[in-house]
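This is coords_26.csv (CSV, N, CA and C atoms).
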chain,number,residue,atom,x,y,z
A,80,MET,N,91.0,58.6,44.8
A,80,MET,CA,90.0,57.9,44.0
A,80,MET,C,89.1,57.0,45.0
A,81,SER,N,87.8,57.2,45.0
A,81,SER,CA,87.0,56.4,45.9
A,81,SER,C,86.9,55.0,45.5
A,82,GLU,N,86.4,54.2,46.4
A,82,GLU,CA,86.3,52.7,46.2
A,82,GLU,C,85.3,52.4,45.1
A,83,VAL,N,85.7,51.5,44.3
A,83,VAL,CA,84.9,51.0,43.2
A,83,VAL,C,84.6,49.6,43.3
A,84,ASN,N,83.3,49.2,43.1
A,84,ASN,CA,82.9,47.8,43.3
A,84,ASN,C,83.0,47.0,42.0
A,85,TYR,N,84.2,46.6,41.7
A,85,TYR,CA,84.4,45.9,40.4
A,85,TYR,C,84.5,44.4,40.6
A,86,LYS,N,84.6,43.9,41.8
A,86,LYS,CA,84.9,42.5,42.1
A,86,LYS,C,83.9,41.5,41.5
A,87,ASN,N,82.6,41.9,41.3
A,87,ASN,CA,81.6,41.0,40.7
A,87,ASN,C,81.9,40.8,39.2
A,88,TYR,N,82.7,41.6,38.7
A,88,TYR,CA,83.0,41.5,37.2
A,88,TYR,C,84.5,41.3,36.9
A,89,GLU,N,85.2,40.9,38.0
A,89,GLU,CA,86.7,40.6,37.8
A,89,GLU,C,86.9,39.6,36.7
A,90,TYR,N,86.0,38.6,36.6
A,90,TYR,CA,86.2,37.6,35.5
A,90,TYR,C,86.3,38.2,34.1
A,91,ILE,N,85.5,39.2,33.9
A,91,ILE,CA,85.6,39.9,32.6
A,91,ILE,C,86.9,40.6,32.4
A,92,LEU,N,87.3,41.3,33.5
A,92,LEU,CA,88.5,42.1,33.5
A,92,LEU,C,89.7,41.1,33.2
A,93,GLU,N,89.7,40.0,33.9
A,93,GLU,CA,90.7,39.0,33.7
A,93,GLU,C,90.7,38.4,32.3
A,94,ALA,N,89.6,38.2,31.7
A,94,ALA,CA,89.5,37.7,30.3
A,94,ALA,C,90.0,38.7,29.3
A,95,LEU,N,89.7,39.9,29.5
A,95,LEU,CA,90.2,40.9,28.6
A,95,LEU,C,91.7,41.1,28.7
A,96,SER,N,92.2,41.1,30.0
A,96,SER,CA,93.6,41.2,30.2
A,96,SER,C,94.4,40.0,29.7
A,97,GLY,N,93.8,38.9,29.8
A,97,GLY,CA,94.4,37.6,29.3
A,97,GLY,C,94.6,37.6,27.8
A,98,LYS,N,93.8,38.4,27.1
A,98,LYS,CA,93.9,38.5,25.7
A,98,LYS,C,94.6,39.7,25.2
A,99,GLY,N,95.3,40.3,26.1
A,99,GLY,CA,96.2,41.5,25.8
A,99,GLY,C,95.5,42.8,25.7
A,100,GLY,N,94.3,42.9,26.3
A,100,GLY,CA,93.6,44.2,26.3
A,100,GLY,C,94.4,45.3,26.9
A,101,GLU,N,94.3,46.4,26.4
A,101,GLU,CA,95.1,47.6,26.9
A,101,GLU,C,94.2,48.6,27.5
A,102,ASP,N,94.8,49.4,28.5
A,102,ASP,CA,94.1,50.5,29.1
A,102,ASP,C,92.7,50.1,29.6
A,103,ILE,N,92.7,49.0,30.4
A,103,ILE,CA,91.4,48.5,30.9
A,103,ILE,C,90.9,49.4,32.0
A,104,LEU,N,89.7,49.9,31.8
A,104,LEU,CA,89.1,50.8,32.8
A,104,LEU,C,87.7,50.3,33.2
A,105,PHE,N,87.4,50.2,34.5
A,105,PHE,CA,86.1,49.9,35.0
A,105,PHE,C,85.5,51.2,35.5
A,106,MET,N,84.3,51.4,35.0
A,106,MET,CA,83.6,52.7,35.4
A,106,MET,C,82.2,52.3,36.1
A,107,GLU,N,82.0,52.8,37.3
A,107,GLU,CA,80.8,52.6,38.0
A,107,GLU,C,79.9,53.8,37.8
A,108,LEU,N,78.7,53.6,37.1
A,108,LEU,CA,77.9,54.7,36.6
A,108,LEU,C,76.5,54.6,37.3
A,109,LYS,N,76.2,53.7,38.2
A,109,LYS,CA,74.9,53.5,38.7
A,109,LYS,C,74.2,54.7,39.3
A,110,ASP,N,74.9,55.7,39.7
A,110,ASP,CA,74.3,56.9,40.3
A,110,ASP,C,74.3,58.1,39.3
A,111,LEU,N,74.6,57.8,38.1
A,111,LEU,CA,74.7,58.9,37.1
A,111,LEU,C,73.7,58.9,36.0
A,112,GLY,N,72.7,58.0,36.1
A,112,GLY,CA,71.7,57.9,35.1
A,112,GLY,C,72.1,57.4,33.7
A,113,ALA,N,73.1,56.5,33.7
A,113,ALA,CA,73.6,55.9,32.4
A,113,ALA,C,72.7,54.8,32.0
A,114,LEU,N,72.9,54.3,30.8
A,114,LEU,CA,72.1,53.1,30.3
A,114,LEU,C,72.4,51.8,31.1
A,115,ALA,N,73.6,51.8,31.7
A,115,ALA,CA,74.0,50.6,32.4
A,115,ALA,C,74.7,51.1,33.7
A,116,ASP,N,74.7,50.2,34.7
A,116,ASP,CA,75.3,50.5,36.0
A,116,ASP,C,76.8,50.6,35.9
A,117,ASN,N,77.4,49.8,34.9
A,117,ASN,CA,78.9,49.8,34.9
A,117,ASN,C,79.3,49.7,33.4
A,118,PHE,N,80.5,50.2,33.1
A,118,PHE,CA,81.1,50.1,31.8
A,118,PHE,C,82.5,49.5,32.1
A,119,ILE,N,83.0,48.8,31.1
A,119,ILE,CA,84.4,48.4,31.0
A,119,ILE,C,84.9,48.9,29.7
A,120,LEU,N,85.9,49.7,29.7
A,120,LEU,CA,86.6,50.2,28.4
A,120,LEU,C,87.9,49.4,28.3
A,121,VAL,N,88.1,49.0,27.0
A,121,VAL,CA,89.4,48.3,26.7
A,121,VAL,C,89.8,48.6,25.3
A,122,THR,N,91.1,48.7,25.1
A,122,THR,CA,91.6,49.1,23.8
A,122,THR,C,92.4,47.9,23.2
A,123,GLY,N,92.1,47.7,21.9
A,123,GLY,CA,92.8,46.7,21.1
A,123,GLY,C,93.7,47.4,20.1
A,124,ASN,N,94.6,46.6,19.5
A,124,ASN,CA,95.6,47.3,18.6
A,124,ASN,C,95.4,46.9,17.2
A,125,SER,N,94.4,46.1,16.8
A,125,SER,CA,94.1,45.8,15.4
A,125,SER,C,92.7,45.3,15.3
A,126,GLU,N,92.1,45.2,14.1
A,126,GLU,CA,90.8,44.6,14.0
A,126,GLU,C,90.7,43.2,14.5
A,127,VAL,N,91.7,42.4,14.3
A,127,VAL,CA,91.7,41.1,14.8
A,127,VAL,C,91.7,41.1,16.3
A,128,HIS,N,92.5,42.0,16.9
A,128,HIS,CA,92.5,42.1,18.3
A,128,HIS,C,91.2,42.5,18.9
A,129,LEU,N,90.5,43.4,18.2
A,129,LEU,CA,89.2,43.9,18.7
A,129,LEU,C,88.2,42.7,18.7
A,130,LYS,N,88.3,41.9,17.6
A,130,LYS,CA,87.5,40.7,17.5
A,130,LYS,C,87.8,39.7,18.7
A,131,THR,N,89.1,39.5,18.9
A,131,THR,CA,89.5,38.6,20.0
A,131,THR,C,89.0,39.1,21.4
A,132,LEU,N,89.1,40.4,21.6
A,132,LEU,CA,88.6,40.9,22.9
A,132,LEU,C,87.1,40.8,23.0
A,133,THR,N,86.4,41.1,21.9
A,133,THR,CA,84.9,40.9,21.9
A,133,THR,C,84.5,39.5,22.2
A,134,GLU,N,85.1,38.6,21.6
A,134,GLU,CA,84.8,37.1,21.8
A,134,GLU,C,85.2,36.7,23.2
A,135,ALA,N,86.3,37.3,23.8
A,135,ALA,CA,86.7,36.9,25.2
A,135,ALA,C,85.6,37.4,26.1
A,136,ALA,N,85.1,38.6,25.9
A,136,ALA,CA,84.0,39.1,26.8
A,136,ALA,C,82.8,38.2,26.7
A,137,GLU,N,82.4,37.9,25.4
A,137,GLU,CA,81.2,37.0,25.2
A,137,GLU,C,81.4,35.7,25.9
A,138,GLU,N,82.5,35.1,25.8
A,138,GLU,CA,82.8,33.8,26.4
A,138,GLU,C,82.8,33.8,27.9
A,139,ALA,N,83.3,34.9,28.4
A,139,ALA,CA,83.3,35.0,29.9
A,139,ALA,C,81.9,35.2,30.4
A,140,PHE,N,81.1,36.0,29.8
A,140,PHE,CA,79.7,36.2,30.2
A,140,PHE,C,79.0,34.8,30.1
A,141,GLU,N,79.2,34.1,29.0
A,141,GLU,CA,78.5,32.8,28.8
A,141,GLU,C,78.9,31.8,29.9
A,142,LYS,N,80.2,31.8,30.3
A,142,LYS,CA,80.6,30.9,31.3
A,142,LYS,C,80.0,31.2,32.7
A,143,HIS,N,79.6,32.4,32.9
A,143,HIS,CA,79.0,32.9,34.1
A,143,HIS,C,77.5,33.0,34.0
A,144,GLY,N,76.9,32.4,32.9
A,144,GLY,CA,75.5,32.3,32.8
A,144,GLY,C,74.8,33.7,32.6
A,145,THR,N,75.5,34.6,32.0
A,145,THR,CA,75.0,35.9,31.7
A,145,THR,C,74.8,36.1,30.2
A,146,ALA,N,73.6,36.4,29.8
A,146,ALA,CA,73.3,36.7,28.4
A,146,ALA,C,73.8,38.0,28.0
A,147,CYS,N,74.3,38.1,26.8
A,147,CYS,CA,74.8,39.3,26.3
A,147,CYS,C,74.6,39.4,24.8
A,148,SER,N,74.7,40.6,24.2
A,148,SER,CA,74.6,40.8,22.8
A,148,SER,C,75.7,41.7,22.4
A,149,VAL,N,76.1,41.6,21.1
A,149,VAL,CA,77.2,42.4,20.5
A,149,VAL,C,76.6,43.4,19.5
A,150,GLU,N,77.1,44.6,19.6
A,150,GLU,CA,76.8,45.6,18.6
A,150,GLU,C,78.1,46.1,17.9
A,151,GLY,N,78.1,46.4,16.7
A,151,GLY,CA,79.2,46.9,16.0
A,151,GLY,C,80.3,45.8,15.7
A,152,ALA,N,79.9,44.6,15.6
A,152,ALA,CA,80.8,43.5,15.4
A,152,ALA,C,81.8,43.7,14.3
A,153,GLU,N,81.4,44.4,13.3
A,153,GLU,CA,82.3,44.6,12.1
A,153,GLU,C,83.0,46.0,12.1
A,154,SER,N,82.8,46.8,13.2
A,154,SER,CA,83.4,48.1,13.3
A,154,SER,C,84.9,48.0,13.6
A,155,SER,N,85.6,48.8,12.9
A,155,SER,CA,87.1,48.8,13.2
A,155,SER,C,87.5,49.8,14.3
A,156,ASN,N,86.5,50.5,14.9
A,156,ASN,CA,86.8,51.5,15.9
A,156,ASN,C,86.1,51.2,17.3
A,157,TRP,N,84.9,50.6,17.3
A,157,TRP,CA,84.2,50.5,18.6
A,157,TRP,C,83.2,49.3,18.5
A,158,ARG,N,83.3,48.4,19.4
A,158,ARG,CA,82.4,47.3,19.5
A,158,ARG,C,81.9,47.3,20.9
A,159,LEU,N,80.7,46.8,21.1
A,159,LEU,CA,80.0,46.9,22.4
A,159,LEU,C,79.4,45.5,22.7
A,160,VAL,N,79.7,45.0,23.9
A,160,VAL,CA,79.2,43.8,24.4
A,160,VAL,C,78.2,44.2,25.6
A,161,ASP,N,76.9,44.0,25.4
A,161,ASP,CA,75.9,44.5,26.3
A,161,ASP,C,75.4,43.3,27.1
A,162,ALA,N,75.6,43.4,28.4
A,162,ALA,CA,75.1,42.3,29.3
A,162,ALA,C,74.2,42.9,30.4
A,163,GLY,N,73.5,44.0,30.0
A,163,GLY,CA,72.5,44.6,30.9
A,163,GLY,C,73.1,45.6,31.8
A,164,GLU,N,73.4,45.2,33.0
A,164,GLU,CA,74.0,46.2,34.0
A,164,GLU,C,75.5,46.4,33.7
A,165,LEU,N,76.1,45.7,32.8
A,165,LEU,CA,77.5,45.9,32.5
A,165,LEU,C,77.6,45.9,30.9
A,166,ILE,N,78.2,47.0,30.4
A,166,ILE,CA,78.5,47.1,29.0
A,166,ILE,C,80.0,47.2,28.8
A,167,VAL,N,80.6,46.3,28.0
A,167,VAL,CA,82.0,46.3,27.7
A,167,VAL,C,82.2,47.0,26.3
A,168,HIS,N,83.0,48.1,26.3
A,168,HIS,CA,83.3,48.8,25.1
A,168,HIS,C,84.7,48.5,24.7
A,169,VAL,N,84.8,47.9,23.5
A,169,VAL,CA,86.0,47.4,22.9
A,169,VAL,C,86.4,48.4,21.8
A,170,PHE,N,87.5,49.2,22.1
A,170,PHE,CA,87.9,50.3,21.2
A,170,PHE,C,89.2,50.0,20.5
A,171,SER,N,89.3,50.6,19.3
A,171,SER,CA,90.6,50.8,18.7
A,171,SER,C,91.2,52.0,19.4
A,172,ARG,N,92.5,52.3,19.2
A,172,ARG,CA,93.1,53.5,19.8
A,172,ARG,C,92.3,54.8,19.2
A,173,LYS,N,92.1,54.8,17.9
A,173,LYS,CA,91.5,55.9,17.3
A,173,LYS,C,90.0,56.1,17.8
A,174,GLY,N,89.3,55.0,17.9
A,174,GLY,CA,88.0,55.0,18.4
A,174,GLY,C,87.9,55.5,19.9
A,175,ARG,N,88.8,55.1,20.7
A,175,ARG,CA,88.8,55.5,22.1
A,175,ARG,C,89.1,57.0,22.2
A,176,GLU,N,90.0,57.5,21.4
A,176,GLU,CA,90.3,58.9,21.4
A,176,GLU,C,89.2,59.7,20.9
A,177,PHE,N,88.5,59.2,19.9
A,177,PHE,CA,87.4,60.0,19.3
A,177,PHE,C,86.2,60.1,20.2
A,178,TYR,N,85.8,58.9,20.8
A,178,TYR,CA,84.5,58.9,21.6
A,178,TYR,C,84.7,59.4,23.0
A,179,ARG,N,85.9,59.2,23.6
A,179,ARG,CA,86.3,59.8,24.9
A,179,ARG,C,85.3,59.6,26.0
A,180,LEU,N,84.8,58.3,26.1
A,180,LEU,CA,83.8,58.0,27.2
A,180,LEU,C,84.3,58.4,28.6
A,181,GLU,N,85.6,58.3,28.8
A,181,GLU,CA,86.1,58.7,30.1
A,181,GLU,C,85.8,60.2,30.4
A,182,LYS,N,85.9,61.0,29.4
A,182,LYS,CA,85.5,62.4,29.6
A,182,LYS,C,84.0,62.6,29.7
A,183,LEU,N,83.3,61.9,28.8
A,183,LEU,CA,81.8,62.0,28.8
A,183,LEU,C,81.2,61.7,30.2
A,184,TRP,N,81.8,60.6,30.8
A,184,TRP,CA,81.3,60.2,32.1
A,184,TRP,C,82.4,60.5,33.2
A,185,ALA,N,82.9,61.7,33.2
A,185,ALA,CA,84.0,62.1,34.1
A,185,ALA,C,83.6,62.0,35.6
A,186,ASP,N,82.3,62.0,35.9
A,186,ASP,CA,81.9,61.9,37.3
A,186,ASP,C,81.8,60.5,37.8
A,187,ALA,N,82.1,59.5,36.9
A,187,ALA,CA,82.0,58.1,37.3
A,187,ALA,C,83.2,57.7,38.2
A,188,LYS,N,82.9,56.8,39.1
A,188,LYS,CA,84.0,56.2,39.9
A,188,LYS,C,84.7,55.2,39.0
A,189,CYS,N,86.0,55.3,39.0
A,189,CYS,CA,86.8,54.5,38.0
A,189,CYS,C,87.9,53.7,38.7
A,190,PHE,N,88.2,52.5,38.1
A,190,PHE,CA,89.3,51.7,38.5
A,190,PHE,C,90.0,51.2,37.3
A,191,GLU,N,91.3,51.5,37.3
A,191,GLU,CA,92.2,51.0,36.2
A,191,GLU,C,92.7,49.6,36.5
A,192,TYR,N,92.3,48.7,35.7
A,192,TYR,CA,92.6,47.2,36.0
A,192,TYR,C,94.0,46.9,35.4
A,193,HIS,N,94.8,46.3,36.3
A,193,HIS,CA,96.1,45.7,35.9
A,193,HIS,C,96.1,44.3,36.5
A,194,ASP,N,96.4,43.3,35.7
A,194,ASP,CA,96.4,41.9,36.2
A,194,ASP,C,97.7,41.8,37.0
A,195,GLU,N,97.5,41.6,38.3
A,195,GLU,CA,98.6,41.4,39.2
A,195,GLU,C,99.4,40.1,39.0
A,196,ARG,N,98.8,39.2,38.3
A,196,ARG,CA,99.5,37.9,38.0
A,196,ARG,C,100.5,38.0,36.9
A,197,GLU,N,100.5,39.1,36.1
A,197,GLU,CA,101.4,39.3,35.0
A,197,GLU,C,102.8,39.4,35.5
A,198,GLU,N,103.7,38.8,34.8
A,198,GLU,CA,105.1,39.0,35.2
A,198,GLU,C,105.8,39.8,34.1
A,199,PHE,N,106.7,40.6,34.6
A,199,PHE,CA,107.5,41.5,33.7
A,199,PHE,C,108.9,41.1,33.5
Rendering of file as structure tokens:
Amino acid sequence: MSEVNYKNYEYILEALSGKGGEDILFMELKDLGALADNFILVTGNSEVHLKTLTEAAEEAFEKHGTACSVEGAESSNWRLVDAGELIVHVFSRKGREFYRLEKLWADAKCFEYHDEREEF
């Protein structure tokens, strides 16, 4: 796997991980003609969890002075937090399997995020 430049967005990855986000994937799309340079995909396990993850992304962007907007705030499968060059996709398990963005953007450079501070 080639090197992925996710460090500028580690604060979002940490926020999502801190709220129990699952299967967190950072995708670098800037050379692929996507709507944004980068995507973060994260899976939640309930509608309440999707809301929590969406709010965590919004709050993290706000703390870093980045404007964002939310689409699909009431969806039970897919919510999107758009901050321009970075879009956070918050999925239910069903939604992630259905939309399969990892397959759609298979040529993207990817980084699976795991919070190293977590203790098992």
Problem set entry | Of the listed residues A:Val127, A:Val83, A:Ala136, A:Leu111, that which approaches A:Leu95 most closely, counting only N, CA and C atoms |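 Checking each of A:Val127, A:Val83, A:Ala136, A:Leu111 against A:Leu95, counting only N, CA and C atoms, the winner is A:Ala136.
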Seminar exercise, completed: Nearest to A:Thr131, restricted to all atoms listed in the file and choosing among A:Ala94, A:Ile166, A:Ala185, A:Leu180, comes out as A:Ala94
Exercise. Nearest to A:Glu93: which of A:Asp194, A:Lys188, A:Asn124, A:Glu150 is it, counting only N, CA and C atoms?
Worked result: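 Checking each of A:Asp194, A:Lys188, A:Asn124, A:Glu150 against A:Glu93, counting only N, CA and C atoms, the winner is A:Asp194.
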For this session: Have a look at atom C of A:Cys147 and atom CA of A:Asp186 and let me know their distance in Å, one decimal.
Result: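 Distance reported for this atom pair: 26.8 Å.
The two atoms in question, atom N of A:Cys189 and atom CA of A:Leu108, are spaced 8.5 Å apart.
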Exercise. Which one is closest to A:Ile91: A:Arg175, A:Leu183, A:His193, A:Ala139? Count all atoms listed in the file.
Worked result: A:Ala139
For this session: Pick out the closest residue to A:Val121 from this set: A:Asn84, A:Thr145, A:Ser171, A:Ser154. Count only N, CA and C atoms.
Result: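 The answer is A:Ser171, which sits nearest to A:Val121.
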Exercise. Between A:Glu181, A:Glu137, A:Glu164, A:Glu126, which has the minimum distance to A:Asn87 (counting only C-alpha atoms)?
Worked result: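 Among the listed residues, A:Glu164 lies closest to A:Asn87.
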Exercise. DSSP on the backbone: what in stretch 117-149 of chain A comes out strand (DSSP E), as a list in words?
Worked result: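 Here is the list: Asn117, Phe118, Ile119, Leu120, Val121, Thr122, Ser148 and Val149 of chain A.
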Near A:Asp116, within 6.5 Å and counting all atoms listed in the file, which residues show up once chain neighbours fewer than 2 positions away are dropped, as an mmCIF file with N, CA and C atoms, keeping the file's coordinate frame?
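That gives us part03.cif:
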data_model
loop_
_atom_site.group_PDB
_atom_site.id
_atom_site.type_symbol
_atom_site.label_atom_id
_atom_site.label_comp_id
_atom_site.auth_asym_id
_atom_site.auth_seq_id
_atom_site.Cartn_x
_atom_site.Cartn_y
_atom_site.Cartn_z
ATOM 1 N N MET A 106 84.300 51.400 35.000
ATOM 2 C CA MET A 106 83.600 52.700 35.400
ATOM 3 C C MET A 106 82.200 52.300 36.100
ATOM 4 N N GLU A 107 82.000 52.800 37.300
ATOM 5 C CA GLU A 107 80.800 52.600 38.000
ATOM 6 C C GLU A 107 79.900 53.800 37.800
ATOM 7 N N LEU A 108 78.700 53.600 37.100
ATOM 8 C CA LEU A 108 77.900 54.700 36.600
ATOM 9 C C LEU A 108 76.500 54.600 37.300
ATOM 10 N N LYS A 109 76.200 53.700 38.200
ATOM 11 C CA LYS A 109 74.900 53.500 38.700
ATOM 12 C C LYS A 109 74.200 54.700 39.300
ATOM 13 N N ASP A 110 74.900 55.700 39.700
ATOM 14 C CA ASP A 110 74.300 56.900 40.300
ATOM 15 C C ASP A 110 74.300 58.100 39.300
ATOM 16 N N ALA A 113 73.100 56.500 33.700
ATOM 17 C CA ALA A 113 73.600 55.900 32.400
ATOM 18 C C ALA A 113 72.700 54.800 32.000
ATOM 19 N N LEU A 114 72.900 54.300 30.800
ATOM 20 C CA LEU A 114 72.100 53.100 30.300
ATOM 21 C C LEU A 114 72.400 51.800 31.100
ATOM 22 N N PHE A 118 80.500 50.200 33.100
ATOM 23 C CA PHE A 118 81.100 50.100 31.800
ATOM 24 C C PHE A 118 82.500 49.500 32.100
ATOM 25 N N GLY A 163 73.500 44.000 30.000
ATOM 26 C CA GLY A 163 72.500 44.600 30.900
ATOM 27 C C GLY A 163 73.100 45.600 31.800
ATOM 28 N N GLU A 164 73.400 45.200 33.000
ATOM 29 C CA GLU A 164 74.000 46.200 34.000
ATOM 30 C C GLU A 164 75.500 46.400 33.700
ATOM 31 N N LEU A 165 76.100 45.700 32.800
ATOM 32 C CA LEU A 165 77.500 45.900 32.500
ATOM 33 C C LEU A 165 77.600 45.900 30.900
ATOM 34 N N ILE A 166 78.200 47.000 30.400
ATOM 35 C CA ILE A 166 78.500 47.100 29.000
ATOM 36 C C ILE A 166 80.000 47.200 28.800
#
Exercise. Need the neighbours of (86.4, 44.2, 36.1): which residues are at most 9 Å away, counting only C-alpha atoms, as a PyMOL selection string?
Worked result: chain A and resi 84-93+103-106+119+190-192
Problem set entry | Separation of atom C of A:His128 from atom N of A:Ala146, in Å and rounded to one decimal |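 Between atom C of A:His128 and atom N of A:Ala146 the gap works out to 21.6 Å.
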Exercise. Please, which residues of chain A, numbered as in this document, come out helix (DSSP H, G or I) from DSSP, as an NGL selection string?
Worked result: :A and (86-97 or 126-142 or 172-178 or 180-183)
